[in-house]
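Asker: Sharing coords23.cif, mmCIF, N, CA and C atoms:
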data_run
loop_
_atom_site.label_atom_id
_atom_site.label_comp_id
_atom_site.auth_asym_id
_atom_site.auth_seq_id
_atom_site.Cartn_x
_atom_site.Cartn_y
_atom_site.Cartn_z
N MET E 1 -11.55 27.77 -28.76
CA MET E 1 -11.57 27.77 -27.32
C MET E 1 -12.48 26.66 -26.79
N ARG E 2 -13.64 26.50 -27.42
CA ARG E 2 -14.55 25.44 -26.99
C ARG E 2 -13.96 24.06 -27.25
N THR E 3 -13.21 23.93 -28.34
CA THR E 3 -12.60 22.65 -28.66
C THR E 3 -11.59 22.26 -27.58
N ALA E 4 -10.79 23.20 -27.12
CA ALA E 4 -9.81 22.92 -26.07
C ALA E 4 -10.50 22.51 -24.78
N ALA E 5 -11.57 23.20 -24.43
CA ALA E 5 -12.31 22.86 -23.22
C ALA E 5 -12.95 21.48 -23.34
N LEU E 6 -13.48 21.15 -24.51
CA LEU E 6 -14.08 19.85 -24.74
C LEU E 6 -13.04 18.74 -24.65
N LEU E 7 -11.88 18.95 -25.26
CA LEU E 7 -10.80 17.96 -25.18
C LEU E 7 -10.33 17.76 -23.75
N GLN E 8 -10.22 18.84 -23.01
CA GLN E 8 -9.79 18.75 -21.62
C GLN E 8 -10.82 17.96 -20.81
N SER E 9 -12.08 18.20 -21.04
CA SER E 9 -13.14 17.47 -20.34
C SER E 9 -13.09 15.98 -20.66
N ILE E 10 -12.89 15.65 -21.93
CA ILE E 10 -12.82 14.25 -22.33
C ILE E 10 -11.62 13.57 -21.67
N LEU E 11 -10.47 14.24 -21.63
CA LEU E 11 -9.29 13.67 -20.97
C LEU E 11 -9.52 13.44 -19.49
N MET E 12 -10.16 14.37 -18.82
CA MET E 12 -10.42 14.23 -17.39
C MET E 12 -11.37 13.07 -17.13
N ILE E 13 -12.42 12.96 -17.90
CA ILE E 13 -13.39 11.87 -17.71
C ILE E 13 -12.75 10.52 -18.01
N SER E 14 -11.96 10.43 -19.08
CA SER E 14 -11.34 9.15 -19.42
C SER E 14 -10.32 8.74 -18.37
N SER E 15 -9.60 9.69 -17.77
CA SER E 15 -8.63 9.34 -16.73
C SER E 15 -9.33 8.81 -15.49
N VAL E 16 -10.49 9.35 -15.14
CA VAL E 16 -11.26 8.84 -14.01
C VAL E 16 -11.73 7.42 -14.30
N LEU E 17 -12.19 7.16 -15.51
CA LEU E 17 -12.65 5.83 -15.87
C LEU E 17 -11.51 4.82 -15.85
N LEU E 18 -10.32 5.21 -16.30
CA LEU E 18 -9.17 4.31 -16.27
C LEU E 18 -8.75 3.99 -14.85
N VAL E 19 -8.71 4.97 -13.98
CA VAL E 19 -8.30 4.75 -12.60
C VAL E 19 -9.29 3.86 -11.88
N SER E 20 -10.57 3.99 -12.17
CA SER E 20 -11.57 3.17 -11.48
C SER E 20 -11.38 1.70 -11.80
N ALA E 21 -10.78 1.35 -12.94
CA ALA E 21 -10.51 -0.05 -13.25
C ALA E 21 -9.30 -0.56 -12.49
N VAL E 22 -8.40 0.33 -12.11
CA VAL E 22 -7.18 -0.06 -11.42
C VAL E 22 -7.42 -0.26 -9.94
N ILE E 23 -8.12 0.65 -9.31
CA ILE E 23 -8.35 0.61 -7.87
C ILE E 23 -9.84 0.67 -7.63
N PHE E 24 -10.35 -0.26 -6.84
CA PHE E 24 -11.75 -0.17 -6.47
C PHE E 24 -11.88 -0.56 -5.01
N ALA E 25 -12.81 0.07 -4.33
CA ALA E 25 -12.98 -0.15 -2.90
C ALA E 25 -14.24 -0.96 -2.65
N GLU E 26 -14.12 -1.95 -1.78
CA GLU E 26 -15.25 -2.71 -1.30
C GLU E 26 -15.27 -2.51 0.20
N ASP E 27 -16.27 -1.82 0.70
CA ASP E 27 -16.34 -1.44 2.11
C ASP E 27 -15.07 -0.70 2.47
N THR E 28 -14.24 -1.30 3.34
CA THR E 28 -13.00 -0.63 3.73
C THR E 28 -11.79 -1.30 3.09
N GLU E 29 -11.99 -2.08 2.02
CA GLU E 29 -10.87 -2.72 1.34
C GLU E 29 -10.65 -2.07 -0.01
N THR E 30 -9.42 -1.63 -0.25
CA THR E 30 -9.03 -1.09 -1.55
C THR E 30 -8.27 -2.17 -2.29
N VAL E 31 -8.71 -2.52 -3.49
CA VAL E 31 -8.09 -3.58 -4.27
C VAL E 31 -7.28 -2.96 -5.40
N ILE E 32 -6.02 -3.36 -5.50
CA ILE E 32 -5.13 -2.86 -6.55
C ILE E 32 -4.88 -4.01 -7.52
N SER E 33 -5.26 -3.81 -8.78
CA SER E 33 -5.16 -4.88 -9.77
C SER E 33 -4.22 -4.53 -10.93
N MET E 34 -3.64 -3.34 -10.93
CA MET E 34 -2.69 -2.92 -11.98
C MET E 34 -1.58 -2.11 -11.32
N ASP E 35 -0.73 -1.45 -12.11
CA ASP E 35 0.36 -0.63 -11.56
C ASP E 35 -0.19 0.65 -10.96
N VAL E 36 0.15 0.88 -9.68
CA VAL E 36 -0.27 2.09 -8.97
C VAL E 36 0.94 2.60 -8.20
N THR E 37 1.14 3.93 -8.17
CA THR E 37 2.24 4.53 -7.42
C THR E 37 1.69 5.52 -6.42
N TRP E 38 2.17 5.41 -5.18
CA TRP E 38 1.85 6.39 -4.14
C TRP E 38 3.11 7.21 -3.89
N ASN E 39 2.96 8.54 -3.74
CA ASN E 39 4.08 9.38 -3.32
C ASN E 39 3.51 10.55 -2.53
N GLY E 40 4.38 11.23 -1.80
CA GLY E 40 3.93 12.33 -0.95
C GLY E 40 3.44 11.81 0.40
N GLU E 41 2.68 12.63 1.10
CA GLU E 41 2.13 12.26 2.40
C GLU E 41 0.71 11.78 2.24
N ASP E 42 0.38 10.65 2.89
CA ASP E 42 -0.97 10.12 2.82
C ASP E 42 -1.20 9.20 4.00
N SER E 43 -2.45 8.83 4.22
CA SER E 43 -2.79 7.88 5.28
C SER E 43 -3.66 6.78 4.69
N VAL E 44 -3.59 5.60 5.31
CA VAL E 44 -4.36 4.44 4.87
C VAL E 44 -5.33 4.07 5.98
N GLU E 45 -6.60 3.96 5.62
CA GLU E 45 -7.62 3.49 6.55
C GLU E 45 -8.27 2.26 5.94
N GLY E 46 -8.28 1.15 6.67
CA GLY E 46 -8.84 -0.09 6.15
C GLY E 46 -7.75 -0.94 5.51
N ALA E 47 -8.19 -1.94 4.74
CA ALA E 47 -7.26 -2.89 4.12
C ALA E 47 -6.97 -2.49 2.69
N VAL E 48 -5.71 -2.68 2.29
CA VAL E 48 -5.30 -2.54 0.90
C VAL E 48 -4.88 -3.93 0.45
N ARG E 49 -5.47 -4.43 -0.62
CA ARG E 49 -5.15 -5.76 -1.14
C ARG E 49 -4.58 -5.61 -2.54
N ILE E 50 -3.37 -6.17 -2.73
CA ILE E 50 -2.72 -6.17 -4.04
C ILE E 50 -2.93 -7.56 -4.62
N VAL E 51 -3.77 -7.67 -5.64
CA VAL E 51 -4.13 -8.97 -6.20
C VAL E 51 -3.20 -9.35 -7.34
N ASP E 52 -3.37 -10.57 -7.85
CA ASP E 52 -2.56 -11.08 -8.96
C ASP E 52 -2.54 -10.09 -10.11
N GLY E 53 -1.35 -9.67 -10.53
CA GLY E 53 -1.20 -8.70 -11.61
C GLY E 53 -1.12 -7.26 -11.13
N GLY E 54 -1.43 -7.02 -9.86
CA GLY E 54 -1.35 -5.67 -9.30
C GLY E 54 0.05 -5.38 -8.78
N HIS E 55 0.45 -4.13 -8.83
CA HIS E 55 1.77 -3.73 -8.33
C HIS E 55 1.64 -2.35 -7.70
N LEU E 56 1.83 -2.28 -6.39
CA LEU E 56 1.81 -1.00 -5.67
C LEU E 56 3.25 -0.58 -5.42
N THR E 57 3.61 0.60 -5.89
CA THR E 57 4.92 1.19 -5.63
C THR E 57 4.72 2.37 -4.70
N ILE E 58 5.39 2.34 -3.55
CA ILE E 58 5.38 3.47 -2.62
C ILE E 58 6.76 4.12 -2.76
N ASP E 59 6.81 5.30 -3.39
CA ASP E 59 8.07 5.93 -3.75
C ASP E 59 8.12 7.36 -3.23
N ASN E 60 9.18 7.68 -2.48
CA ASN E 60 9.33 9.02 -1.90
C ASN E 60 8.06 9.45 -1.19
N ALA E 61 7.58 8.58 -0.31
CA ALA E 61 6.30 8.83 0.36
C ALA E 61 6.44 8.70 1.87
N ASP E 62 5.51 9.31 2.57
CA ASP E 62 5.38 9.19 4.02
C ASP E 62 3.94 8.72 4.26
N ILE E 63 3.77 7.42 4.50
CA ILE E 63 2.45 6.81 4.62
C ILE E 63 2.18 6.49 6.09
N LYS E 64 1.03 6.93 6.58
CA LYS E 64 0.63 6.65 7.95
C LYS E 64 -0.49 5.61 7.92
N MET E 65 -0.26 4.46 8.56
CA MET E 65 -1.26 3.40 8.64
C MET E 65 -2.12 3.66 9.87
N MET E 66 -3.41 3.89 9.66
CA MET E 66 -4.32 4.14 10.76
C MET E 66 -4.59 2.83 11.50
N GLU E 67 -5.09 2.92 12.72
CA GLU E 67 -5.34 1.74 13.54
C GLU E 67 -6.25 0.75 12.81
N GLY E 68 -5.83 -0.52 12.80
CA GLY E 68 -6.62 -1.57 12.16
C GLY E 68 -6.39 -1.70 10.67
N SER E 69 -5.54 -0.86 10.08
CA SER E 69 -5.29 -0.90 8.64
C SER E 69 -4.21 -1.92 8.32
N SER E 70 -4.19 -2.38 7.06
CA SER E 70 -3.21 -3.37 6.65
C SER E 70 -3.00 -3.34 5.14
N ILE E 71 -1.88 -3.91 4.72
CA ILE E 71 -1.60 -4.10 3.30
C ILE E 71 -1.38 -5.60 3.10
N HIS E 72 -2.17 -6.21 2.22
CA HIS E 72 -2.08 -7.64 1.92
C HIS E 72 -1.59 -7.79 0.48
N VAL E 73 -0.61 -8.66 0.29
CA VAL E 73 -0.11 -8.93 -1.06
C VAL E 73 -0.47 -10.37 -1.40
N ASP E 74 -1.42 -10.55 -2.32
CA ASP E 74 -1.81 -11.89 -2.75
C ASP E 74 -0.75 -12.47 -3.68
N GLU E 75 -0.82 -13.78 -3.90
CA GLU E 75 0.09 -14.43 -4.83
C GLU E 75 -0.03 -13.78 -6.20
N GLY E 76 1.09 -13.38 -6.77
CA GLY E 76 1.10 -12.71 -8.06
C GLY E 76 1.05 -11.20 -7.96
N GLY E 77 0.79 -10.67 -6.76
CA GLY E 77 0.82 -9.22 -6.54
C GLY E 77 2.21 -8.79 -6.14
N GLN E 78 2.51 -7.49 -6.27
CA GLN E 78 3.83 -6.98 -5.92
C GLN E 78 3.71 -5.69 -5.13
N LEU E 79 4.61 -5.54 -4.15
CA LEU E 79 4.71 -4.32 -3.36
C LEU E 79 6.16 -3.87 -3.39
N THR E 80 6.40 -2.63 -3.82
CA THR E 80 7.75 -2.06 -3.85
C THR E 80 7.73 -0.79 -3.00
N ILE E 81 8.64 -0.72 -2.02
CA ILE E 81 8.76 0.47 -1.17
C ILE E 81 10.16 1.03 -1.38
N SER E 82 10.24 2.29 -1.84
CA SER E 82 11.53 2.90 -2.17
C SER E 82 11.59 4.31 -1.59
N HIS E 83 12.62 4.58 -0.80
CA HIS E 83 12.85 5.92 -0.23
C HIS E 83 11.59 6.44 0.46
N SER E 84 10.95 5.59 1.25
CA SER E 84 9.67 5.95 1.88
C SER E 84 9.62 5.46 3.31
N THR E 85 8.66 5.99 4.05
CA THR E 85 8.37 5.48 5.38
C THR E 85 6.90 5.08 5.43
N VAL E 86 6.65 3.96 6.10
CA VAL E 86 5.29 3.49 6.35
C VAL E 86 5.20 3.35 7.86
N LYS E 87 4.43 4.24 8.49
CA LYS E 87 4.37 4.31 9.95
C LYS E 87 3.00 3.92 10.45
N SER E 88 2.97 3.28 11.60
CA SER E 88 1.72 2.91 12.25
C SER E 88 1.26 4.04 13.17
N GLN E 89 -0.04 4.28 13.17
CA GLN E 89 -0.59 5.26 14.10
C GLN E 89 -0.42 4.75 15.53
N THR E 90 -0.53 3.45 15.73
CA THR E 90 -0.36 2.82 17.04
C THR E 90 0.68 1.71 16.90
N PRO E 91 1.97 2.05 16.98
CA PRO E 91 3.01 1.04 16.76
C PRO E 91 2.98 -0.05 17.82
N PRO E 92 3.33 -1.29 17.43
CA PRO E 92 3.39 -2.39 18.39
C PRO E 92 4.63 -2.26 19.27
N SER E 93 4.70 -3.08 20.31
CA SER E 93 5.86 -3.05 21.19
C SER E 93 6.99 -3.91 20.65
N ALA E 94 6.74 -4.69 19.60
CA ALA E 94 7.77 -5.52 18.97
C ALA E 94 7.36 -5.75 17.52
N ILE E 95 8.31 -6.18 16.71
CA ILE E 95 8.04 -6.48 15.31
C ILE E 95 8.06 -7.99 15.15
N ALA E 96 7.03 -8.55 14.53
CA ALA E 96 6.97 -9.99 14.27
C ALA E 96 6.54 -10.20 12.84
N SER E 97 7.06 -11.25 12.21
CA SER E 97 6.70 -11.53 10.82
C SER E 97 6.71 -13.02 10.59
N MET E 98 5.82 -13.48 9.72
CA MET E 98 5.81 -14.87 9.29
C MET E 98 6.23 -14.88 7.83
N GLY E 99 7.25 -15.67 7.50
CA GLY E 99 7.74 -15.69 6.13
C GLY E 99 6.91 -16.58 5.23
N TYR E 100 6.79 -17.87 5.56
CA TYR E 100 6.02 -18.81 4.77
C TYR E 100 4.88 -19.35 5.62
N TRP E 101 3.76 -19.66 4.98
CA TRP E 101 2.58 -20.06 5.75
C TRP E 101 2.36 -21.57 5.78
N ASP E 102 3.02 -22.35 4.91
CA ASP E 102 2.82 -23.80 4.97
C ASP E 102 3.68 -24.39 6.08
N GLU E 103 3.26 -25.52 6.64
CA GLU E 103 3.92 -26.10 7.81
C GLU E 103 5.38 -26.46 7.56
N GLN E 104 5.72 -26.89 6.35
CA GLN E 104 7.09 -27.32 6.07
C GLN E 104 8.06 -26.14 6.00
N ASN E 105 7.60 -24.98 5.57
CA ASN E 105 8.49 -23.83 5.37
C ASN E 105 8.22 -22.69 6.34
N LEU E 106 7.53 -22.97 7.43
CA LEU E 106 7.14 -21.92 8.37
C LEU E 106 8.38 -21.24 8.95
N SER E 107 8.43 -19.92 8.86
CA SER E 107 9.54 -19.16 9.44
C SER E 107 8.99 -17.85 9.98
N LYS E 108 9.71 -17.28 10.93
CA LYS E 108 9.28 -16.00 11.48
C LYS E 108 10.48 -15.30 12.10
N PHE E 109 10.31 -14.02 12.36
CA PHE E 109 11.32 -13.29 13.12
C PHE E 109 10.60 -12.30 14.02
N LYS E 110 11.26 -11.96 15.12
CA LYS E 110 10.70 -11.00 16.07
C LYS E 110 11.85 -10.13 16.57
N ILE E 111 11.62 -8.84 16.59
CA ILE E 111 12.61 -7.90 17.10
C ILE E 111 11.98 -7.21 18.30
N PRO E 112 12.40 -7.53 19.52
CA PRO E 112 11.81 -6.87 20.69
C PRO E 112 12.23 -5.41 20.75
N SER E 113 11.37 -4.59 21.31
CA SER E 113 11.66 -3.15 21.36
C SER E 113 12.49 -2.75 22.58
N GLU E 114 12.65 -3.65 23.55
CA GLU E 114 13.45 -3.30 24.72
C GLU E 114 14.89 -3.04 24.31
N GLY E 115 15.47 -2.00 24.84
CA GLY E 115 16.86 -1.68 24.58
C GLY E 115 17.11 -0.90 23.31
N ILE E 116 16.08 -0.62 22.54
CA ILE E 116 16.25 0.15 21.31
C ILE E 116 15.83 1.58 21.59
N SER E 117 16.75 2.51 21.40
CA SER E 117 16.39 3.91 21.58
C SER E 117 16.53 4.62 20.24
N GLY E 118 15.54 5.38 19.88
CA GLY E 118 15.56 6.08 18.60
C GLY E 118 15.06 5.19 17.48
N PRO E 119 15.01 5.74 16.28
CA PRO E 119 14.48 4.98 15.15
C PRO E 119 15.45 3.89 14.70
N PHE E 120 14.91 2.83 14.11
CA PHE E 120 15.74 1.77 13.56
C PHE E 120 15.07 1.24 12.30
N GLN E 121 15.85 0.55 11.47
CA GLN E 121 15.33 0.01 10.22
C GLN E 121 15.53 -1.49 10.19
N VAL E 122 14.60 -2.18 9.54
CA VAL E 122 14.71 -3.63 9.36
C VAL E 122 14.82 -3.91 7.89
#
Spell out the structure here as C-alpha coordinates.
Answerer:
Amino acid sequence: MRTAALLQSILMISSVLLVSAVIFAEDTETVISMDVTWNGEDSVEGAVRIVDGGHLTIDNADIKMMEGSSIHVDEGGQLTISHSTVKSQTPPSAIASMGYWDEQNLSKFKIPSEGISGPFQV
(Lines of atoms letter the chains of each structure in order from A and count residues from 1; the text may use other names and numbers.)
(Lines give C-alpha, C1' and ligand atoms only; values in the text may rest on other atoms or scores of the structure.)
Protein backbone atom coordinates (compact mmCIF):
# COMPACT_ATOMS: atom_id res chain seq x y z
CA MET A 1 0.00 0.00 0.00
CA ARG A 2 2.82 2.40 0.85
CA THR A 3 4.57 1.54 -2.41
CA ALA A 4 1.49 2.51 -4.43
CA ALA A 5 1.17 5.80 -2.57
CA LEU A 6 4.87 6.53 -3.06
CA LEU A 7 4.67 5.79 -6.79
CA GLN A 8 1.60 7.99 -7.13
CA SER A 9 3.38 10.84 -5.35
CA ILE A 10 6.43 10.50 -7.60
CA LEU A 11 4.22 10.56 -10.72
CA MET A 12 2.38 13.67 -9.54
CA ILE A 13 5.58 15.54 -8.71
CA SER A 14 7.26 14.59 -11.99
CA SER A 15 4.22 15.70 -14.01
CA VAL A 16 4.31 19.12 -12.32
CA LEU A 17 8.02 19.44 -13.11
CA LEU A 18 7.45 18.49 -16.76
CA VAL A 19 4.62 20.98 -17.21
CA SER A 20 6.65 23.79 -15.68
CA ALA A 21 9.19 23.37 -18.50
CA VAL A 22 6.45 23.64 -21.12
CA ILE A 23 4.57 26.69 -19.83
CA PHE A 24 6.00 29.44 -17.70
CA ALA A 25 4.56 32.80 -16.78
CA GLU A 26 6.44 36.08 -16.64
CA ASP A 27 4.22 38.71 -15.03
CA THR A 28 1.06 38.45 -17.14
CA GLU A 29 2.69 36.63 -20.09
CA THR A 30 2.37 32.86 -20.45
CA VAL A 31 5.05 31.39 -22.72
CA ILE A 32 4.40 28.11 -24.53
CA SER A 33 7.56 26.37 -25.74
CA MET A 34 6.32 22.80 -26.40
CA ASP A 35 3.06 21.00 -27.34
CA VAL A 36 0.14 22.16 -25.17
CA THR A 37 -3.58 21.42 -25.61
CA TRP A 38 -6.47 23.42 -24.17
CA ASN A 39 -9.99 21.96 -24.03
CA GLY A 40 -13.17 22.65 -22.09
CA GLU A 41 -14.13 26.08 -20.78
CA ASP A 42 -11.42 28.52 -19.72
CA SER A 43 -10.48 32.19 -19.75
CA VAL A 44 -7.24 33.95 -20.68
CA GLU A 45 -5.93 36.95 -18.77
CA GLY A 46 -2.79 38.64 -20.07
CA ALA A 47 -0.64 37.64 -23.03
CA VAL A 48 -0.01 34.12 -24.29
CA ARG A 49 3.15 33.82 -26.41
CA ILE A 50 3.85 30.73 -28.52
CA VAL A 51 7.60 30.72 -29.16
CA ASP A 52 9.74 28.81 -31.67
CA GLY A 53 9.05 25.09 -31.20
CA GLY A 54 5.86 25.70 -29.21
CA HIS A 55 2.46 24.48 -30.42
CA LEU A 56 -0.83 25.44 -28.77
CA THR A 57 -3.84 23.36 -29.81
CA ILE A 58 -7.27 24.65 -28.78
CA ASP A 59 -9.56 21.64 -29.30
CA ASN A 60 -13.24 21.33 -28.36
CA ALA A 61 -12.88 24.39 -26.15
CA ASP A 62 -14.75 27.56 -25.26
CA ILE A 63 -12.08 30.18 -24.49
CA LYS A 64 -12.96 33.65 -23.21
CA MET A 65 -10.32 36.34 -23.80
CA MET A 66 -10.46 38.88 -20.98
CA GLU A 67 -10.00 42.59 -21.73
CA GLY A 68 -6.43 43.40 -22.80
CA SER A 69 -5.51 39.73 -23.36
CA SER A 70 -3.84 38.42 -26.52
CA ILE A 71 -2.27 35.41 -28.19
CA HIS A 72 1.04 36.01 -30.02
CA VAL A 73 2.57 33.42 -32.32
CA ASP A 74 6.31 33.96 -32.84
CA GLU A 75 8.16 32.68 -35.90
CA GLY A 76 8.41 28.91 -35.55
CA GLY A 77 5.44 28.72 -33.16
CA GLN A 78 2.11 27.12 -34.10
CA LEU A 79 -1.51 27.72 -33.14
CA THR A 80 -4.23 25.20 -34.07
CA ILE A 81 -7.90 25.90 -33.30
CA SER A 82 -10.29 23.00 -33.91
CA HIS A 83 -14.01 22.76 -33.07
CA SER A 84 -13.63 25.65 -30.60
CA THR A 85 -14.68 29.20 -29.93
CA VAL A 86 -12.39 32.01 -28.80
CA LYS A 87 -14.52 34.93 -27.62
CA SER A 88 -13.59 38.41 -26.46
CA GLN A 89 -14.99 39.75 -23.21
CA THR A 90 -15.24 43.14 -24.96
CA PRO A 91 -15.64 42.45 -28.70
CA PRO A 92 -14.59 45.15 -31.17
CA SER A 93 -17.03 46.81 -33.54
CA ALA A 94 -15.14 45.39 -36.55
CA ILE A 95 -12.55 42.72 -37.32
CA ALA A 96 -9.17 43.81 -38.68
CA SER A 97 -6.06 41.76 -39.40
CA MET A 98 -2.59 42.32 -40.79
CA GLY A 99 -1.23 39.38 -42.77
CA TYR A 100 2.43 40.27 -43.38
CA TRP A 101 4.42 42.89 -41.50
CA ASP A 102 7.14 43.82 -44.03
CA GLU A 103 6.42 46.76 -46.37
CA GLN A 104 6.58 44.69 -49.58
CA ASN A 105 4.04 42.07 -48.47
CA LEU A 106 1.78 44.18 -46.25
CA SER A 107 -1.82 42.95 -46.39
CA LYS A 108 -4.89 43.32 -44.23
CA PHE A 109 -8.61 42.71 -44.12
CA LYS A 110 -11.46 44.34 -42.24
CA ILE A 111 -15.01 43.12 -41.78
CA PRO A 112 -17.32 45.90 -40.57
CA SER A 113 -20.01 44.86 -38.12
CA GLU A 114 -22.76 47.02 -39.64
CA GLY A 115 -25.45 44.93 -41.28
CA ILE A 116 -24.43 41.67 -39.61
CA SER A 117 -27.07 40.18 -37.35
CA GLY A 118 -26.32 37.10 -35.31
CA PRO A 119 -23.08 35.15 -35.12
CA PHE A 120 -20.75 34.80 -38.09
CA GLN A 121 -17.50 33.00 -38.85
CA VAL A 122 -14.36 34.13 -40.64
Asker: Could you work out how far CA of Gln78 in chain E lies from CA of Gly40 in chain E, giving the answer in Å with one decimal?
Answerer: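 Separation between CA of Gly40 in chain E and CA of Gln78 in chain E: 19.9 Å.
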Asker: Identify which of the residues E:Asn60, E:Ser33, E:Ser69, E:Thr90 lies closest to Val48 in chain E, counting only C-alpha atoms when measuring atom-to-atom distances.
Answerer: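 Ranked by minimum distance to Val48 in chain E, first place goes to E:Ser69.
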Asker: Expand the PyMOL selection byres ((chain E and resi 39) around 7) into the explicit residue set it covers here, and present it as a list in words.
Answerer: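 On the file shown, the PyMOL selection byres ((chain E and resi 39) around 7) covers Thr37, Trp38, Gly40, Glu41, Asp42, Thr57, Ile58, Asp59, Asn60, Ala61 and Asp62 of chain E.
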Asker: Quick one: residues within 12 Å of Arg49 in chain E, only C-alpha atoms counted, chain neighbours fewer than 5 positions away excluded, as a list in words?
Answerer: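 Residues meeting the cut-off are Val22, Ile23, Phe24, Ala25, Glu26, Thr28, Glu29, Thr30, Val31, Ile32, Ser33, Met34, Val44, Gly54, His55, Leu56, Ser69, Ser70, Ile71, His72, Val73, Asp74, Glu75, Gly76, Gly77, Gln78 and Leu79 of chain E.
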Asker: Separation of CA of Thr85 in chain E and atom N of Met66 in chain E, in Å?
Answerer: 12.6 Å
Asker: One decimal, in Å: what's the spacing between atom N of Ile50 in chain E and atom C of Ser88 in chain E?
Answerer: 19.5 Å
Asker: Using the chain letters and numbers from this document, which residues of range 22-93 of chain E does DSSP assign to strand (DSSP E), as a ChimeraX atom specification?
Answerer: /E:23-26,29-32,35-44,47-50,55-65,70-73,78-82,85-88
